[in-house]
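Coordinates as given in input_0.cif (mmCIF, C-alpha atoms):
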```cif
data_structure
#
loop_
_atom_site.label_atom_id
_atom_site.label_comp_id
_atom_site.auth_asym_id
_atom_site.auth_seq_id
_atom_site.Cartn_x
_atom_site.Cartn_y
_atom_site.Cartn_z
CA MET K 1 0.00 0.00 0.00
CA ALA K 2 1.42 3.38 -1.02
CA THR K 3 1.95 6.09 1.59
CA SER K 4 -0.73 8.29 0.00
CA ASP K 5 -3.19 5.40 0.34
CA ILE K 6 -2.54 5.13 4.07
CA GLN K 7 -3.09 8.87 4.44
CA VAL K 8 -6.40 8.70 2.56
CA ALA K 9 -7.36 5.62 4.58
CA GLU K 10 -6.70 7.41 7.87
CA HIS K 11 -8.64 10.39 6.61
CA ALA K 12 -11.54 8.15 5.48
CA LEU K 13 -11.73 6.34 8.84
CA GLN K 14 -14.42 7.96 10.98
CA HIS K 15 -13.56 8.28 14.67
CA HIS K 16 -16.42 6.08 15.88
CA PHE K 17 -15.09 2.98 14.09
CA ALA K 18 -12.24 0.81 15.32
CA ASP K 19 -10.72 0.23 11.88
CA MET K 20 -11.43 0.38 8.15
CA GLU K 21 -12.75 -3.17 8.09
CA GLN K 22 -15.34 -2.51 10.79
CA GLN K 23 -16.33 0.74 9.05
CA GLN K 24 -16.78 -0.99 5.70
CA GLU K 25 -18.78 -3.86 7.20
CA THR K 26 -21.03 -1.48 9.11
CA SER K 27 -21.70 0.56 5.99
CA THR K 28 -22.40 -2.50 3.85
CA PHE K 29 -24.67 -3.90 6.58
CA GLY K 30 -26.58 -0.59 6.54
CA MET K 31 -26.94 -0.86 2.76
CA TRP K 32 -28.33 -4.39 3.11
CA MET K 33 -30.80 -3.14 5.73
CA PHE K 34 -31.95 -0.53 3.21
CA LEU K 35 -32.27 -3.23 0.55
CA LEU K 36 -34.37 -5.24 3.04
CA THR K 37 -36.83 -2.34 3.21
CA GLU K 38 -36.74 -2.17 -0.61
CA ILE K 39 -37.60 -5.88 -0.80
CA MET K 40 -40.62 -5.24 1.45
CA PHE K 41 -41.50 -2.14 -0.65
CA PHE K 42 -41.57 -4.14 -3.90
CA GLY K 43 -42.98 -7.06 -1.87
CA GLY K 44 -46.27 -5.18 -1.38
CA LEU K 45 -46.70 -4.95 -5.16
CA PHE K 46 -45.66 -8.58 -5.65
CA CYS K 47 -48.24 -9.54 -3.01
CA ALA K 48 -50.97 -7.56 -4.81
CA TYR K 49 -49.93 -9.33 -8.01
CA LEU K 50 -50.15 -12.71 -6.26
CA VAL K 51 -53.65 -12.00 -4.87
CA TYR K 52 -55.13 -10.77 -8.17
CA ARG K 53 -53.37 -13.38 -10.26
CA ALA K 54 -54.84 -16.09 -8.02
CA SER K 55 -58.30 -14.50 -8.41
CA TYR K 56 -58.26 -13.61 -12.14
CA TYR K 57 -55.75 -16.01 -13.67
CA GLN K 58 -57.27 -16.07 -17.20
CA ALA K 59 -57.45 -12.27 -17.34
CA PHE K 60 -53.77 -12.14 -16.37
CA VAL K 61 -52.93 -14.64 -19.12
CA GLU K 62 -54.84 -12.45 -21.64
CA GLY K 63 -52.93 -9.38 -20.49
CA SER K 64 -49.55 -11.07 -20.56
CA GLN K 65 -50.17 -12.16 -24.18
CA LYS K 66 -49.88 -8.46 -25.11
CA MET K 67 -46.31 -8.33 -23.81
CA ASN K 68 -43.44 -8.38 -26.29
CA ILE K 69 -41.40 -11.30 -24.93
CA TRP K 70 -38.42 -10.49 -27.17
CA LEU K 71 -38.12 -6.92 -25.94
CA GLY K 72 -38.55 -8.19 -22.37
CA ALA K 73 -35.89 -10.88 -22.84
CA THR K 74 -33.53 -8.37 -24.49
CA ASN K 75 -33.99 -6.05 -21.55
CA THR K 76 -33.24 -8.91 -19.14
CA ALA K 77 -30.00 -9.56 -21.04
CA VAL K 78 -29.17 -5.83 -21.05
CA LEU K 79 -29.58 -5.70 -17.26
CA ILE K 80 -27.45 -8.82 -16.74
CA CYS K 81 -24.70 -7.25 -18.88
CA SER K 82 -24.99 -4.01 -16.87
CA SER K 83 -24.60 -6.05 -13.67
CA LEU K 84 -21.42 -7.62 -15.05
CA SER K 85 -19.90 -4.23 -15.93
CA MET K 86 -20.99 -2.90 -12.51
CA ALA K 87 -19.36 -5.85 -10.71
CA LEU K 88 -16.17 -5.36 -12.75
CA GLY K 89 -16.33 -1.62 -11.96
CA VAL K 90 -16.45 -2.35 -8.22
CA ARG K 91 -13.53 -4.74 -8.72
CA ALA K 92 -11.55 -2.00 -10.51
CA ALA K 93 -12.22 0.37 -7.59
CA GLN K 94 -11.13 -2.35 -5.20
CA MET K 95 -7.84 -2.67 -7.09
CA GLY K 96 -7.29 1.08 -7.19
CA LYS K 97 -7.87 1.64 -10.92
CA PRO K 98 -10.14 4.72 -11.10
CA LYS K 99 -9.90 5.15 -14.89
CA LEU K 100 -10.85 1.53 -15.55
CA MET K 101 -13.63 1.91 -12.99
CA ALA K 102 -14.94 5.04 -14.76
CA ILE K 103 -15.00 3.24 -18.13
CA LEU K 104 -16.86 0.24 -16.67
CA LEU K 105 -19.34 2.49 -14.87
CA LEU K 106 -19.90 4.41 -18.11
CA ILE K 107 -20.69 1.09 -19.84
CA THR K 108 -23.08 0.30 -16.95
CA MET K 109 -24.88 3.61 -17.50
CA VAL K 110 -25.11 2.99 -21.26
CA PHE K 111 -26.76 -0.38 -20.54
CA GLY K 112 -29.02 1.39 -18.04
CA PHE K 113 -30.14 3.92 -20.65
CA GLY K 114 -30.52 1.06 -23.15
CA PHE K 115 -32.89 -0.69 -20.75
CA LEU K 116 -34.94 2.49 -20.24
CA GLY K 117 -35.05 3.08 -24.02
CA ILE K 118 -36.38 -0.41 -24.74
CA LYS K 119 -38.83 -0.04 -21.84
CA GLY K 120 -39.92 3.26 -23.39
CA ILE K 121 -40.64 1.55 -26.74
CA GLU K 122 -42.77 -1.03 -24.89
CA TYR K 123 -44.58 1.66 -22.89
CA HIS K 124 -45.33 3.53 -26.14
CA GLU K 125 -46.77 0.37 -27.72
CA HIS K 126 -49.03 -0.23 -24.71
CA TRP K 127 -50.06 3.42 -24.63
CA VAL K 128 -51.16 3.59 -28.28
CA HIS K 129 -53.05 0.30 -27.88
CA HIS K 130 -55.04 1.70 -24.92
CA GLU K 131 -53.37 -0.73 -22.54
CA PHE K 132 -52.96 1.92 -19.86
CA PRO K 133 -55.37 1.73 -16.91
CA GLY K 134 -57.85 4.56 -16.75
CA PRO K 135 -60.79 5.98 -18.74
CA ASN K 136 -59.13 5.20 -22.10
CA PHE K 137 -58.38 1.59 -21.25
CA HIS K 138 -59.69 -0.74 -23.93
CA PHE K 139 -59.18 -4.46 -24.18
CA GLU K 140 -60.73 -6.96 -26.61
CA THR K 141 -61.07 -10.52 -25.38
CA GLY K 142 -62.05 -12.75 -28.25
CA ASP K 143 -65.80 -12.88 -28.87
CA PRO K 144 -67.26 -9.63 -27.45
CA ALA K 145 -70.69 -11.28 -26.95
CA HIS K 146 -69.22 -14.05 -24.81
CA PRO K 147 -65.97 -12.69 -23.40
CA ALA K 148 -63.81 -15.30 -21.76
CA THR K 149 -62.49 -12.76 -19.29
CA ASP K 150 -63.66 -9.45 -17.88
CA PRO K 151 -61.64 -6.54 -19.41
CA GLN K 152 -61.81 -4.90 -15.97
CA HIS K 153 -59.77 -7.79 -14.60
CA THR K 154 -57.22 -7.42 -17.37
CA GLN K 155 -57.05 -3.75 -16.42
CA ILE K 156 -55.88 -4.88 -12.97
CA TYR K 157 -53.09 -6.81 -14.70
CA PHE K 158 -52.07 -3.68 -16.61
CA SER K 159 -52.29 -1.53 -13.45
CA LEU K 160 -49.84 -3.88 -11.76
CA TYR K 161 -47.69 -4.05 -14.90
CA TRP K 162 -47.32 -0.26 -15.08
CA ALA K 163 -46.87 0.14 -11.31
CA MET K 164 -44.26 -2.60 -10.95
CA THR K 165 -42.22 -1.85 -14.08
CA GLY K 166 -42.66 1.89 -13.44
CA LEU K 167 -41.29 1.63 -9.90
CA HIS K 168 -38.49 -0.53 -11.27
CA ALA K 169 -37.70 2.00 -14.02
CA PHE K 170 -37.70 4.76 -11.37
CA HIS K 171 -35.09 2.75 -9.46
CA MET K 172 -33.08 2.44 -12.67
CA ILE K 173 -33.10 6.24 -13.11
CA ILE K 174 -31.90 6.70 -9.50
CA GLY K 175 -29.31 3.97 -10.10
CA ILE K 176 -27.92 5.75 -13.18
CA GLY K 177 -27.64 8.95 -11.12
CA LEU K 178 -25.77 7.12 -8.34
CA VAL K 179 -23.41 5.45 -10.83
CA LEU K 180 -22.69 8.86 -12.40
CA TRP K 181 -21.91 10.32 -8.96
CA ILE K 182 -19.55 7.41 -8.12
CA MET K 183 -17.85 7.70 -11.52
CA ILE K 184 -17.14 11.42 -11.07
CA ALA K 185 -16.04 10.96 -7.44
CA GLY K 186 -13.76 8.11 -8.53
CA LEU K 187 -12.14 10.22 -11.26
CA MET K 188 -11.56 12.95 -8.65
CA GLY K 189 -9.64 10.41 -6.56
CA ALA K 190 -12.17 9.77 -3.81
CA PHE K 191 -11.54 6.02 -3.61
CA THR K 192 -8.56 3.84 -2.79
CA PRO K 193 -8.15 0.07 -2.36
CA SER K 194 -8.72 0.60 1.38
CA TYR K 195 -11.73 2.91 0.92
CA PHE K 196 -14.25 2.19 -1.83
CA THR K 197 -17.38 1.48 0.24
CA PRO K 198 -19.63 3.90 -1.73
CA VAL K 199 -18.74 2.05 -4.95
CA GLU K 200 -19.53 -1.30 -3.32
CA ASN K 201 -22.86 -0.02 -1.97
CA VAL K 202 -23.98 1.59 -5.26
CA GLY K 203 -23.06 -1.76 -6.83
CA LEU K 204 -25.34 -3.52 -4.33
CA TYR K 205 -28.17 -1.14 -5.27
CA TRP K 206 -27.65 -1.73 -8.98
CA HIS K 207 -27.59 -5.54 -8.60
CA PHE K 208 -30.71 -5.36 -6.42
CA VAL K 209 -32.59 -3.52 -9.18
CA ASP K 210 -31.40 -6.21 -11.62
CA LEU K 211 -32.65 -8.87 -9.18
CA VAL K 212 -36.14 -7.31 -9.05
CA TRP K 213 -36.32 -7.43 -12.86
CA ILE K 214 -35.25 -11.11 -12.83
CA TYR K 215 -38.57 -11.79 -11.05
CA LEU K 216 -40.67 -9.18 -12.91
CA PHE K 217 -39.80 -10.62 -16.33
CA PRO K 218 -41.23 -14.14 -15.88
CA LEU K 219 -44.16 -12.95 -13.72
CA LEU K 220 -45.37 -10.29 -16.16
CA TYR K 221 -44.23 -11.62 -19.56
CA LEU K 222 -44.19 -15.41 -19.23
CA ILE K 223 -47.38 -16.20 -17.29
CA SER K 224 -48.50 -18.90 -19.69
CA LYS K 225 -47.50 -20.38 -23.03
CA LYS K 226 -47.54 -17.65 -25.66
CA HIS K 227 -50.42 -18.32 -28.02
CA GLY K 228 -51.25 -16.82 -31.39
CA GLY K 229 -47.69 -15.85 -32.35
CA MET Q 1 -12.31 -14.28 27.09
CA HIS Q 2 -12.31 -12.58 23.71
CA ASN Q 3 -12.98 -8.91 23.47
CA LEU Q 4 -15.86 -7.66 21.33
CA GLN Q 5 -13.61 -6.89 18.38
CA ASP Q 6 -12.27 -10.45 18.24
CA ARG Q 7 -15.72 -12.02 18.48
CA PHE Q 8 -17.03 -10.16 15.47
CA HIS Q 9 -13.83 -10.27 13.44
CA PRO Q 10 -12.05 -13.52 14.17
CA GLY Q 11 -8.53 -13.21 12.94
CA SER Q 12 -8.60 -9.44 12.57
CA ALA Q 13 -6.46 -9.01 15.68
CA GLN Q 14 -3.66 -11.01 14.09
CA GLU Q 15 -3.95 -9.94 10.46
CA HIS Q 16 -3.94 -6.46 9.05
CA PHE Q 17 -7.12 -5.61 7.10
CA ASP Q 18 -6.41 -6.30 3.46
CA PRO Q 19 -9.33 -5.52 1.14
CA MET Q 20 -7.36 -6.99 -1.76
CA SER Q 21 -7.92 -10.45 -0.31
CA HIS Q 22 -11.62 -10.12 -1.27
CA VAL Q 23 -10.90 -9.38 -4.95
CA VAL Q 24 -12.77 -11.94 -7.01
CA PRO Q 25 -11.18 -13.11 -10.29
CA ILE Q 26 -12.73 -11.69 -13.50
CA ARG Q 27 -13.21 -15.27 -14.73
CA MET Q 28 -15.77 -15.89 -11.97
CA TYR Q 29 -17.82 -12.77 -12.79
CA VAL Q 30 -17.87 -13.74 -16.48
CA THR Q 31 -18.92 -17.31 -15.58
CA ILE Q 32 -21.84 -15.99 -13.50
CA TRP Q 33 -22.78 -13.62 -16.34
CA ALA Q 34 -22.78 -16.53 -18.82
CA ALA Q 35 -24.91 -18.64 -16.46
CA LEU Q 36 -27.41 -15.77 -16.08
CA MET Q 37 -27.63 -15.35 -19.88
CA ILE Q 38 -28.15 -19.10 -20.39
CA PHE Q 39 -30.88 -19.18 -17.73
CA THR Q 40 -32.59 -16.18 -19.39
CA GLY Q 41 -32.65 -18.07 -22.69
CA LEU Q 42 -33.89 -21.16 -20.87
CA THR Q 43 -36.77 -19.31 -19.18
CA VAL Q 44 -37.90 -17.82 -22.53
CA PHE Q 45 -37.70 -21.25 -24.15
CA ALA Q 46 -39.60 -22.85 -21.24
CA ALA Q 47 -42.41 -20.33 -21.79
CA THR Q 48 -42.96 -21.65 -25.34
CA VAL Q 49 -43.74 -25.15 -24.02
CA GLU Q 50 -47.15 -25.91 -22.53
CA LEU Q 51 -46.47 -27.26 -19.03
CA HIS Q 52 -49.73 -26.04 -17.41
CA VAL Q 53 -49.11 -25.32 -13.73
CA PHE Q 54 -45.42 -26.15 -14.09
CA ASN Q 55 -44.83 -23.15 -16.40
CA ILE Q 56 -44.88 -20.81 -13.41
CA VAL Q 57 -43.06 -23.30 -11.16
CA LEU Q 58 -40.22 -23.61 -13.68
CA ALA Q 59 -40.16 -19.84 -14.35
CA LEU Q 60 -39.90 -19.05 -10.63
CA LEU Q 61 -37.31 -21.79 -10.10
CA ILE Q 62 -35.11 -20.33 -12.85
CA ALA Q 63 -35.65 -16.78 -11.52
CA THR Q 64 -34.65 -17.92 -8.02
CA ILE Q 65 -31.49 -19.62 -9.32
CA LYS Q 66 -30.61 -16.40 -11.21
CA GLY Q 67 -31.39 -14.24 -8.19
CA THR Q 68 -29.28 -16.43 -5.93
CA LEU Q 69 -26.33 -16.20 -8.34
CA VAL Q 70 -26.64 -12.39 -8.45
CA ALA Q 71 -26.83 -12.13 -4.65
CA LEU Q 72 -24.05 -14.61 -3.87
CA PHE Q 73 -21.49 -13.49 -6.44
CA PHE Q 74 -22.30 -10.04 -7.89
CA MET Q 75 -23.48 -8.77 -4.49
CA HIS Q 76 -20.61 -10.58 -2.71
CA LEU Q 77 -22.99 -12.25 -0.24
CA ARG Q 78 -20.76 -15.33 -0.37
CA TYR Q 79 -17.91 -13.25 1.04
CA SER Q 80 -20.04 -11.24 3.47
CA THR Q 81 -20.39 -11.48 7.23
CA LYS Q 82 -22.93 -13.74 8.95
CA LEU Q 83 -24.78 -10.59 10.02
CA THR Q 84 -25.35 -9.66 6.36
CA MET Q 85 -26.51 -13.18 5.58
CA VAL Q 86 -28.98 -13.02 8.49
CA THR Q 87 -30.29 -9.69 7.12
CA VAL Q 88 -30.99 -11.28 3.73
CA ILE Q 89 -32.64 -14.34 5.28
CA ALA Q 90 -34.77 -12.00 7.44
CA ALA Q 91 -35.88 -10.14 4.29
CA ILE Q 92 -36.96 -13.38 2.61
CA PHE Q 93 -38.63 -14.56 5.85
CA PHE Q 94 -40.71 -11.39 6.24
CA LEU Q 95 -41.56 -11.39 2.53
CA PHE Q 96 -43.01 -14.89 2.93
CA ILE Q 97 -44.95 -13.78 6.02
CA LEU Q 98 -46.43 -10.99 3.87
CA PHE Q 99 -47.33 -13.42 1.07
CA GLY Q 100 -48.37 -16.27 3.37
CA LEU Q 101 -50.67 -14.37 5.71
CA SER Q 102 -52.25 -12.43 2.82
CA MET Q 103 -52.99 -15.64 0.96
CA THR Q 104 -54.49 -17.35 4.02
CA ASP Q 105 -57.12 -14.62 3.77
CA TYR Q 106 -57.69 -14.43 0.00
CA LEU Q 107 -57.44 -18.14 -0.78
CA THR Q 108 -59.88 -19.14 1.97
CA ARG Q 109 -62.66 -16.60 1.24
CA ALA Q 110 -64.27 -19.03 -1.23
CA TRP Q 111 -64.58 -21.63 1.53
CA LEU Q 112 -66.76 -19.25 3.51
CA THR Q 113 -69.17 -18.59 0.58
CA ASN Q 114 -69.49 -22.32 -0.01
CA THR Q 115 -70.69 -22.94 3.52
CA ILE Q 116 -73.21 -20.06 3.38
CA HIS Q 117 -74.83 -21.20 0.11
#
```

Could you write out this file's structure as structure tokens?
Amino acid sequence: MATSDIQVAEHALQHHFADMEQQQETSTFGMWMFLLTEIMFFGGLFCAYLVYRASYYQAFVEGSQKMNIWLGATNTAVLICSSLSMALGVRAAQMGKPKLMAILLLITMVFGFGFLGIKGIEYHEHWVHHEFPGPNFHFETGDPAHPATDPQHTQIYFSLYWAMTGLHAFHMIIGIGLVLWIMIAGLMGAFTPSYFTPVENVGLYWHFVDLVWIYLFPLLYLISKKHGG
Amino acid sequence: MHNLQDRFHPGSAQEHFDPMSHVVPIRMYVTIWAALMIFTGLTVFAATVELHVFNIVLALLIATIKGTLVALFFMHLRYSTKLTMVTVIAAIFFLFILFGLSMTDYLTRAWLTNTIH
């Protein structure tokens, strides 16, 4: 460890912690506690999904047939790639390579914007097809005289779809902002191999948002076998 | 009798804190990434096959494998303290209380109507 590193490390160590290791573990534990509250936050929506899906299964199948599986799968892949670049970015910070870290975080942000762009295309498609809950919601279910499912129930599916993916997209936007902050701070020399906790914790946040999507994708897009194309 | 520091950080009294010891090889991150991509392909493929109730079972199984890989390796849970592991288990535990208790209500309402009529 270089002398300058030790100086930064001593500066970074807050007086109420015994050493850098305890400080880092405490901070990471705090981040996990926050993620626990986030799990419960999303958990409420997942629970609402579970209740209504159990009640109106066929209506949920009808709604999910309107999803573009290929865009959804592409977005899943985009997020997984962004998680890889994020993990490698944290690793670069850990090894004291701020320029490499900045490049990897930039790639992460590009993937993040890519995800939001694809999500935007999907949102536009749903919007123009009146698949947005509210007074303009319109949904055809086969034979209008003998509908297999109640369009009102499919509207519940779309309400949950917009709420869950919307909250997720909001987390993505916050995540991109955090990654940008970490990238700039890193380029200004804020992190060393003995102090990179903010990078680690932003990484945890980013991976958590990826994890939420890993569950959203099958639950919203892949409810049942895709029929009719 | 160990002091508090030693109980929470066994070995830290002897060894100097070296964050570099936690650096994970790039190869491992790429392996996890490849596994996640393969499982994504698998879950999309599984959705094209009619498995009835097992469609959702398989989809959730694959999602849970993917989520576990992300948490253990990308989120370094495998290298974290027991306290962090307990936090994660607590999150899953309370999530299942939320789901479980809600469903005991919603899934049993039909039973009540059956007895009335």

**Asked** Could you name the residues that touch stretch 22-37 of chain Q at 12 Å or less, counting only C-alpha atoms, but leaving out those on the same chain fewer than 2 positions away, as a VMD selection string?
**Response** (chain K and resid 21 73 to 96 193 to 194 200 210 to 211 214) or (chain Q and resid 17 to 20 39 to 44 62 to 80)

What are the centre and the three edge lengths of an axis-aligned box that wraps all atoms of stretch 100-111 of chain K in the file, given that 8 Å is added to every side, written as AutoDock Vina command-line options and rounded to one decimal in Å?
```
--center_x -18.8 --center_y 2.3 --center_z -17.1 --size_x 31.9 --size_y 21.4 --size_z 24.3
```

**Request:** Using the chain letters and numbering of this document, enumerate as a PyMOL selection string the residues selected by the PyMOL selection byres ((chain K and resi 199) around 9).
**Result:** chain K and resi 89-90+93-94+179+182-183+186+191+196-198+200-204

**Message:** As an exercise, work out the distance from atom CA of Q:Phe94 to atom CA of K:Ile39 in Å and give it to one decimal place.
**Reply:** 9.5 Å

**Item:** Residues in the PyMOL selection byres ((chain K and resi 139-141) around 12), expressed as a ChimeraX atom specification
**Value:** /K:58-63,65-66,126,129-138,142-158

Dump of C-alpha atoms for the selected residues, as a PDB file, keeping the file's coordinate frame:
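Done, and the output landed in part15.pdb:
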```pdb
ATOM      1  CA  GLN K  58     -57.270 -16.070 -17.200  1.00  0.00           C
ATOM      2  CA  ALA K  59     -57.450 -12.270 -17.340  1.00  0.00           C
ATOM      3  CA  PHE K  60     -53.770 -12.140 -16.370  1.00  0.00           C
ATOM      4  CA  VAL K  61     -52.930 -14.640 -19.120  1.00  0.00           C
ATOM      5  CA  GLU K  62     -54.840 -12.450 -21.640  1.00  0.00           C
ATOM      6  CA  GLY K  63     -52.930  -9.380 -20.490  1.00  0.00           C
ATOM      7  CA  GLN K  65     -50.170 -12.160 -24.180  1.00  0.00           C
ATOM      8  CA  LYS K  66     -49.880  -8.460 -25.110  1.00  0.00           C
ATOM      9  CA  HIS K 126     -49.030  -0.230 -24.710  1.00  0.00           C
ATOM     10  CA  HIS K 129     -53.050   0.300 -27.880  1.00  0.00           C
ATOM     11  CA  HIS K 130     -55.040   1.700 -24.920  1.00  0.00           C
ATOM     12  CA  GLU K 131     -53.370  -0.730 -22.540  1.00  0.00           C
ATOM     13  CA  PHE K 132     -52.960   1.920 -19.860  1.00  0.00           C
ATOM     14  CA  PRO K 133     -55.370   1.730 -16.910  1.00  0.00           C
ATOM     15  CA  GLY K 134     -57.850   4.560 -16.750  1.00  0.00           C
ATOM     16  CA  PRO K 135     -60.790   5.980 -18.740  1.00  0.00           C
ATOM     17  CA  ASN K 136     -59.130   5.200 -22.100  1.00  0.00           C
ATOM     18  CA  PHE K 137     -58.380   1.590 -21.250  1.00  0.00           C
ATOM     19  CA  HIS K 138     -59.690  -0.740 -23.930  1.00  0.00           C
ATOM     20  CA  GLY K 142     -62.050 -12.750 -28.250  1.00  0.00           C
ATOM     21  CA  ASP K 143     -65.800 -12.880 -28.870  1.00  0.00           C
ATOM     22  CA  PRO K 144     -67.260  -9.630 -27.450  1.00  0.00           C
ATOM     23  CA  ALA K 145     -70.690 -11.280 -26.950  1.00  0.00           C
ATOM     24  CA  HIS K 146     -69.220 -14.050 -24.810  1.00  0.00           C
ATOM     25  CA  PRO K 147     -65.970 -12.690 -23.400  1.00  0.00           C
ATOM     26  CA  ALA K 148     -63.810 -15.300 -21.760  1.00  0.00           C
ATOM     27  CA  THR K 149     -62.490 -12.760 -19.290  1.00  0.00           C
ATOM     28  CA  ASP K 150     -63.660  -9.450 -17.880  1.00  0.00           C
ATOM     29  CA  PRO K 151     -61.640  -6.540 -19.410  1.00  0.00           C
ATOM     30  CA  GLN K 152     -61.810  -4.900 -15.970  1.00  0.00           C
ATOM     31  CA  HIS K 153     -59.770  -7.790 -14.600  1.00  0.00           C
ATOM     32  CA  THR K 154     -57.220  -7.420 -17.370  1.00  0.00           C
ATOM     33  CA  GLN K 155     -57.050  -3.750 -16.420  1.00  0.00           C
ATOM     34  CA  ILE K 156     -55.880  -4.880 -12.970  1.00  0.00           C
ATOM     35  CA  TYR K 157     -53.090  -6.810 -14.700  1.00  0.00           C
ATOM     36  CA  PHE K 158     -52.070  -3.680 -16.610  1.00  0.00           C
TER      37      PHE K 158
END
```

**Prompt:** At what distance in Å, to one decimal, does atom CA of K:Leu219 lie from atom CA of Q:Leu60?
**Reply:**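 These atoms are spaced 8.1 Å apart.
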
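For the pair atom CA of K:Ile223 and atom CA of Q:Ala59, the interatomic distance is 8.6 Å.
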
**Message:** So that I can see what lies close to Q:Ala91, please list as a PyMOL selection string the residues with an atom at most 9 Å from it, counting all atoms listed in the file and leaving out residues fewer than 4 positions away in the same chain.
**Reply:** (chain K and resi 33+35-37+39-40) or (chain Q and resi 86-87+95-96)

**Message:** Let me make sure I understand: among Q:Val57, Q:Ala110, Q:Val88, Q:Leu101, which one has the smallest atom-to-atom distance to chain K if we use all atoms listed in the file?
**Reply:**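 Checking each of Q:Val57, Q:Ala110, Q:Val88, Q:Leu101 against chain K, counting all atoms listed in the file, the winner is Q:Val88.
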
**Message:** Could you list, as a ChimeraX atom specification, every residue matched by the PyMOL selection byres ((chain K and resi 43) around 12) in this structure?
**Reply:** /K:35-42,44-50,164,167,212,215-216 /Q:91-100,102

**Asked** Using all atoms listed in the file, which of the listed residues (K:Gly175, K:Pro218, K:Pro98, K:Gly72) sits closest to K:Ile121?
**Response** K:Gly72

**Prompt:** K:Leu222, K:Ile107, K:Met188, K:Ile118: which is nearest Q:Thr48, counting all atoms listed in the file?
**Reply:**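 Closest to Q:Thr48 of all the choices is K:Leu222.
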
**Request:** Counting all atoms listed in the file, figure out which residue out of Q:Arg109, Q:Thr84, Q:Ile38, Q:Phe54 gets nearest to chain K.
**Result:** Q:Thr84

**Request:** For Q:Glu50, please output as a PyMOL selection string all residues within 12 Å (counting all atoms listed in the file; exclusion window: fewer than 3 positions along the same chain).
**Result:** (chain K and resi 222-227) or (chain Q and resi 45-47+53-56+58)

Residues from the last selection, C-alpha atoms, saved as a short mmCIF file (atom, residue, chain, number, x, y, z; two decimals), keeping the file's coordinate frame:
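Result written to out_20.cif:
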```
data_model
loop_
_atom_site.label_atom_id
_atom_site.label_comp_id
_atom_site.auth_asym_id
_atom_site.auth_seq_id
_atom_site.Cartn_x
_atom_site.Cartn_y
_atom_site.Cartn_z
CA LEU K 222 -44.19 -15.41 -19.23
CA ILE K 223 -47.38 -16.20 -17.29
CA SER K 224 -48.50 -18.90 -19.69
CA LYS K 225 -47.50 -20.38 -23.03
CA LYS K 226 -47.54 -17.65 -25.66
CA HIS K 227 -50.42 -18.32 -28.02
CA PHE Q 45 -37.70 -21.25 -24.15
CA ALA Q 46 -39.60 -22.85 -21.24
CA ALA Q 47 -42.41 -20.33 -21.79
CA VAL Q 53 -49.11 -25.32 -13.73
CA PHE Q 54 -45.42 -26.15 -14.09
CA ASN Q 55 -44.83 -23.15 -16.40
CA ILE Q 56 -44.88 -20.81 -13.41
CA LEU Q 58 -40.22 -23.61 -13.68
#
```
